[in-house]
Amino acid sequence: MADNIVPHFHNDAGVPVIEIGSHEFMCVGANPPFDHPHVFLDLGNDKEIICPYCSTLYRYAPDLAAGDARPPECVLKDVA
């Protein structure tokens, strides 16, 4: 069983950029039930990545903890 859950983020607010503290994460587009397929994204050595489904731009922010986001309401809670 996995020890860590991959953070999930959404863009219900329609912000142009979501800053995140994780290099690996899932984009769900919007909160369920209006979500798109949950796509795993890996920044690797890059600082930014665009979701291929919803075109949300994610930018790594080293001052944020893993799983945190700016704006904070873009973190999807209660992912099982």
# chains A, B, ... in the order shown; residues from 1 in each chain; ligands from 1

call {"tool": "residues_around", "arguments": {"residues": "region 69-72 of chain A", "least_positions_apart": "5", "cutoff": "7 Å", "atoms": "only C-alpha atoms", "output": "JSON, numbers by chain"}}
result
{"A": [18, 19, 20, 21, 64]}

call {"tool": "write_last_selection", "arguments": {"atoms": "all heavy atoms", "output": "PDB file, in the first residue's frame"}}
result
ATOM      1  N   ILE A  18      -1.859  28.211 -11.077  1.00  0.00           N
ATOM      2  CA  ILE A  18      -1.911  27.636  -9.734  1.00  0.00           C
ATOM      3  C   ILE A  18      -0.478  27.303  -9.347  1.00  0.00           C
ATOM      4  O   ILE A  18       0.193  26.532 -10.034  1.00  0.00           O
ATOM      5  CB  ILE A  18      -2.780  26.364  -9.682  1.00  0.00           C
ATOM      6  CG1 ILE A  18      -4.222  26.696 -10.077  1.00  0.00           C
ATOM      7  CG2 ILE A  18      -2.724  25.741  -8.282  1.00  0.00           C
ATOM      8  CD1 ILE A  18      -5.128  25.482 -10.176  1.00  0.00           C
ATOM      9  N   GLU A  19      -0.009  27.921  -8.271  1.00  0.00           N
ATOM     10  CA  GLU A  19       1.321  27.610  -7.760  1.00  0.00           C
ATOM     11  C   GLU A  19       1.186  26.438  -6.799  1.00  0.00           C
ATOM     12  O   GLU A  19       0.251  26.398  -5.987  1.00  0.00           O
ATOM     13  CB  GLU A  19       1.916  28.819  -7.044  1.00  0.00           C
ATOM     14  CG  GLU A  19       2.173  29.978  -7.982  1.00  0.00           C
ATOM     15  CD  GLU A  19       2.799  31.157  -7.268  1.00  0.00           C
ATOM     16  OE1 GLU A  19       2.334  31.509  -6.156  1.00  0.00           O
ATOM     17  OE2 GLU A  19       3.755  31.715  -7.823  1.00  0.00           O
ATOM     18  N   ILE A  20       2.110  25.497  -6.894  1.00  0.00           N
ATOM     19  CA  ILE A  20       2.034  24.280  -6.091  1.00  0.00           C
ATOM     20  C   ILE A  20       3.391  23.963  -5.466  1.00  0.00           C
ATOM     21  O   ILE A  20       4.421  24.374  -5.979  1.00  0.00           O
ATOM     22  CB  ILE A  20       1.550  23.077  -6.927  1.00  0.00           C
ATOM     23  CG1 ILE A  20       2.459  22.853  -8.135  1.00  0.00           C
ATOM     24  CG2 ILE A  20       0.105  23.278  -7.365  1.00  0.00           C
ATOM     25  CD1 ILE A  20       2.162  21.589  -8.910  1.00  0.00           C
ATOM     26  N   GLY A  21       3.362  23.195  -4.382  1.00  0.00           N
ATOM     27  CA  GLY A  21       4.582  22.796  -3.701  1.00  0.00           C
ATOM     28  C   GLY A  21       4.984  21.365  -3.985  1.00  0.00           C
ATOM     29  O   GLY A  21       5.768  20.792  -3.243  1.00  0.00           O
ATOM     30  N   LEU A  64       6.135  26.712  -0.900  1.00  0.00           N
ATOM     31  CA  LEU A  64       4.942  25.972  -0.483  1.00  0.00           C
ATOM     32  C   LEU A  64       5.315  24.547  -0.072  1.00  0.00           C
ATOM     33  O   LEU A  64       6.216  23.943  -0.657  1.00  0.00           O
ATOM     34  CB  LEU A  64       3.922  25.908  -1.617  1.00  0.00           C
ATOM     35  CG  LEU A  64       3.264  27.223  -2.019  1.00  0.00           C
ATOM     36  CD1 LEU A  64       2.401  27.024  -3.260  1.00  0.00           C
ATOM     37  CD2 LEU A  64       2.423  27.760  -0.874  1.00  0.00           C
TER      38      LEU A  64
END

call {"tool": "residues_around", "arguments": {"residues": "region 38-41 of chain A", "least_positions_apart": "6", "cutoff": "10 Å", "atoms": "only C-alpha atoms", "output": "CSV table (one decimal) with N, CA and C atoms, in the first residue's frame"}}
result
chain,number,residue,atom,x,y,z
A,6,VAL,N,-0.8,11.0,-3.7
A,6,VAL,CA,-0.4,12.1,-4.7
A,6,VAL,C,-1.4,13.2,-4.6
A,7,PRO,N,-0.9,14.5,-4.4
A,7,PRO,CA,-1.8,15.6,-4.2
A,7,PRO,C,-2.7,15.8,-5.5
A,8,HIS,N,-3.9,16.2,-5.3
A,8,HIS,CA,-4.8,16.5,-6.4
A,8,HIS,C,-5.2,18.0,-6.3
A,9,PHE,N,-5.2,18.6,-7.5
A,9,PHE,CA,-5.6,20.0,-7.6
A,9,PHE,C,-6.7,20.2,-8.6
A,10,HIS,N,-7.5,21.3,-8.4
A,10,HIS,CA,-8.6,21.6,-9.3
A,10,HIS,C,-8.5,23.1,-9.6
A,23,HIS,N,6.1,18.3,-7.1
A,23,HIS,CA,6.6,18.1,-8.4
A,23,HIS,C,5.7,17.1,-9.1
A,24,GLU,N,5.1,16.2,-8.4
A,24,GLU,CA,4.2,15.2,-9.0
A,24,GLU,C,2.8,15.4,-8.4
A,25,PHE,N,1.8,15.4,-9.2
A,25,PHE,CA,0.4,15.6,-8.7
A,25,PHE,C,-0.6,15.2,-9.8
A,26,MET,N,-1.8,15.3,-9.4
A,26,MET,CA,-3.0,15.0,-10.3
A,26,MET,C,-3.8,16.3,-10.5
A,27,CYS,N,-4.2,16.5,-11.7
A,27,CYS,CA,-5.1,17.6,-12.1
A,27,CYS,C,-6.4,17.0,-12.3
A,28,VAL,N,-7.5,17.5,-11.7
A,28,VAL,CA,-8.8,16.9,-11.9
A,28,VAL,C,-9.7,17.9,-12.7
A,29,GLY,N,-9.2,19.1,-13.0
A,29,GLY,CA,-10.0,20.1,-13.7
A,29,GLY,C,-10.9,20.9,-12.8
A,49,ILE,N,4.0,23.4,-15.9
A,49,ILE,CA,3.4,22.4,-16.8
A,49,ILE,C,2.0,22.8,-17.0
A,50,ILE,N,1.5,22.5,-18.2
A,50,ILE,CA,0.1,22.8,-18.5
A,50,ILE,C,-0.7,21.5,-18.6
A,51,CYS,N,-1.8,21.4,-17.9
A,51,CYS,CA,-2.7,20.2,-18.0
A,51,CYS,C,-3.2,20.1,-19.4
A,52,PRO,N,-3.0,18.9,-20.0
A,52,PRO,CA,-3.5,18.7,-21.4
A,52,PRO,C,-5.0,18.6,-21.5
A,53,TYR,N,-5.8,18.5,-20.4
A,53,TYR,CA,-7.2,18.5,-20.5
A,53,TYR,C,-7.9,19.8,-20.4
A,58,TYR,N,0.3,25.1,-14.1
A,58,TYR,CA,0.8,24.8,-12.8
A,58,TYR,C,2.2,25.3,-12.7

call {"tool": "atom_distance", "arguments": {"atom1": "CA of Asn45 (chain A)", "atom2": "CA of Tyr60 (chain A)"}}
result
10.2 Å

call {"tool": "atom_distance", "arguments": {"atom1": "CA of Phe34 (chain A)", "atom2": "CA of Val15 (chain A)"}}
result
16.6 Å

call {"tool": "closest_residue", "arguments": {"among": "A:Asp12, A:Gly67, A:Val75, A:Ala61", "to": "Pro33 (chain A)", "atoms": "only C-alpha atoms"}}
result
A:Asp12

call {"tool": "select_by_dssp", "arguments": {"residues": "chain A", "states": "strand (DSSP E or B)", "output": "NGL selection string"}}
result
:A and (8-9 or 17-20 or 24-27 or 39-42 or 48-50 or 57-60 or 69-70 or 75)

call {"tool": "closest_residue", "arguments": {"among": "A:Pro62, A:Ala13, A:Leu43, A:Asp78", "to": "Ala30 (chain A)", "atoms": "only C-alpha atoms"}}
result
A:Ala13

call {"tool": "atom_distance", "arguments": {"atom1": "CA of Pro16 (chain A)", "atom2": "CA of Leu57 (chain A)"}}
result
6.6 Å

call {"tool": "closest_residue", "arguments": {"among": "A:Gly44, A:Val17, A:Asn11, A:Asp63", "to": "Asn31 (chain A)", "atoms": "only C-alpha atoms"}}
result
A:Asn11

call {"tool": "decode", "arguments": {"residues": "region 5-18 of chain A", "atoms": "all heavy atoms", "output": "short mmCIF file (atom, residue, chain, number, x, y, z; two decimals), in the first residue's frame"}}
result
data_model
loop_
_atom_site.label_atom_id
_atom_site.label_comp_id
_atom_site.auth_asym_id
_atom_site.auth_seq_id
_atom_site.Cartn_x
_atom_site.Cartn_y
_atom_site.Cartn_z
N ILE A 5 -0.04 9.86 -0.56
CA ILE A 5 -1.09 10.09 -1.55
C ILE A 5 -0.64 11.22 -2.46
O ILE A 5 -0.14 12.25 -1.99
CB ILE A 5 -2.42 10.45 -0.87
CG1 ILE A 5 -2.92 9.25 -0.06
CG2 ILE A 5 -3.46 10.90 -1.87
CD1 ILE A 5 -4.18 9.51 0.72
N VAL A 6 -0.78 11.05 -3.75
CA VAL A 6 -0.42 12.08 -4.71
C VAL A 6 -1.41 13.24 -4.56
O VAL A 6 -2.62 13.03 -4.60
CB VAL A 6 -0.45 11.51 -6.15
CG1 VAL A 6 -0.20 12.61 -7.16
CG2 VAL A 6 0.56 10.40 -6.31
N PRO A 7 -0.92 14.47 -4.38
CA PRO A 7 -1.82 15.61 -4.23
C PRO A 7 -2.67 15.81 -5.49
O PRO A 7 -2.21 15.60 -6.61
CB PRO A 7 -0.89 16.81 -4.03
CG PRO A 7 0.46 16.27 -3.82
CD PRO A 7 0.48 14.86 -4.30
N HIS A 8 -3.91 16.22 -5.28
CA HIS A 8 -4.85 16.52 -6.36
C HIS A 8 -5.21 18.00 -6.30
O HIS A 8 -5.47 18.53 -5.22
CB HIS A 8 -6.13 15.70 -6.20
CG HIS A 8 -5.97 14.25 -6.51
ND1 HIS A 8 -5.09 13.43 -5.86
CD2 HIS A 8 -6.61 13.46 -7.40
CE1 HIS A 8 -5.19 12.19 -6.34
NE2 HIS A 8 -6.11 12.19 -7.27
N PHE A 9 -5.25 18.63 -7.48
CA PHE A 9 -5.59 20.04 -7.55
C PHE A 9 -6.71 20.24 -8.58
O PHE A 9 -6.84 19.46 -9.53
CB PHE A 9 -4.38 20.87 -7.96
CG PHE A 9 -3.22 20.73 -7.00
CD1 PHE A 9 -2.12 19.96 -7.34
CD2 PHE A 9 -3.24 21.36 -5.77
CE1 PHE A 9 -1.06 19.82 -6.47
CE2 PHE A 9 -2.18 21.22 -4.88
CZ PHE A 9 -1.08 20.45 -5.23
N HIS A 10 -7.50 21.29 -8.38
CA HIS A 10 -8.58 21.63 -9.32
C HIS A 10 -8.54 23.13 -9.58
O HIS A 10 -7.87 23.88 -8.88
CB HIS A 10 -9.94 21.23 -8.75
CG HIS A 10 -10.34 22.00 -7.53
ND1 HIS A 10 -10.92 23.25 -7.60
CD2 HIS A 10 -10.20 21.72 -6.22
CE1 HIS A 10 -11.15 23.69 -6.39
NE2 HIS A 10 -10.70 22.77 -5.52
N ASN A 11 -9.27 23.56 -10.62
CA ASN A 11 -9.29 24.98 -10.96
C ASN A 11 -10.72 25.47 -11.11
O ASN A 11 -11.08 26.11 -12.11
CB ASN A 11 -8.48 25.25 -12.23
CG ASN A 11 -8.19 26.73 -12.41
OD1 ASN A 11 -8.52 27.55 -11.57
ND2 ASN A 11 -7.57 27.06 -13.53
N ASP A 12 -11.57 25.20 -10.13
CA ASP A 12 -12.94 25.72 -10.14
C ASP A 12 -12.96 27.24 -10.21
O ASP A 12 -13.88 27.83 -10.77
CB ASP A 12 -13.70 25.27 -8.90
CG ASP A 12 -14.35 23.92 -9.07
OD1 ASP A 12 -14.28 23.35 -10.17
OD2 ASP A 12 -14.94 23.42 -8.10
N ALA A 13 -11.97 27.88 -9.61
CA ALA A 13 -11.92 29.34 -9.56
C ALA A 13 -11.57 29.96 -10.92
O ALA A 13 -11.77 31.14 -11.13
CB ALA A 13 -10.92 29.80 -8.51
N GLY A 14 -11.02 29.16 -11.83
CA GLY A 14 -10.65 29.67 -13.14
C GLY A 14 -9.46 30.60 -13.12
O GLY A 14 -9.34 31.50 -13.97
N VAL A 15 -8.55 30.39 -12.17
CA VAL A 15 -7.35 31.24 -12.09
C VAL A 15 -6.39 30.92 -13.23
O VAL A 15 -6.35 29.78 -13.71
CB VAL A 15 -6.66 31.10 -10.71
CG1 VAL A 15 -7.56 31.58 -9.60
CG2 VAL A 15 -6.21 29.67 -10.46
N PRO A 16 -5.61 31.90 -13.68
CA PRO A 16 -4.69 31.64 -14.79
C PRO A 16 -3.50 30.76 -14.43
O PRO A 16 -2.97 30.05 -15.27
CB PRO A 16 -4.23 33.03 -15.23
CG PRO A 16 -4.51 33.92 -14.07
CD PRO A 16 -5.64 33.30 -13.29
N VAL A 17 -3.08 30.80 -13.14
CA VAL A 17 -1.92 30.02 -12.69
C VAL A 17 -2.22 29.48 -11.29
O VAL A 17 -2.74 30.20 -10.44
CB VAL A 17 -0.64 30.87 -12.62
CG1 VAL A 17 0.54 30.07 -12.08
CG2 VAL A 17 -0.30 31.46 -13.98
N ILE A 18 -1.86 28.21 -11.08
CA ILE A 18 -1.91 27.64 -9.73
C ILE A 18 -0.48 27.30 -9.35
O ILE A 18 0.19 26.53 -10.03
CB ILE A 18 -2.78 26.36 -9.68
CG1 ILE A 18 -4.22 26.70 -10.08
CG2 ILE A 18 -2.72 25.74 -8.28
CD1 ILE A 18 -5.13 25.48 -10.18
#
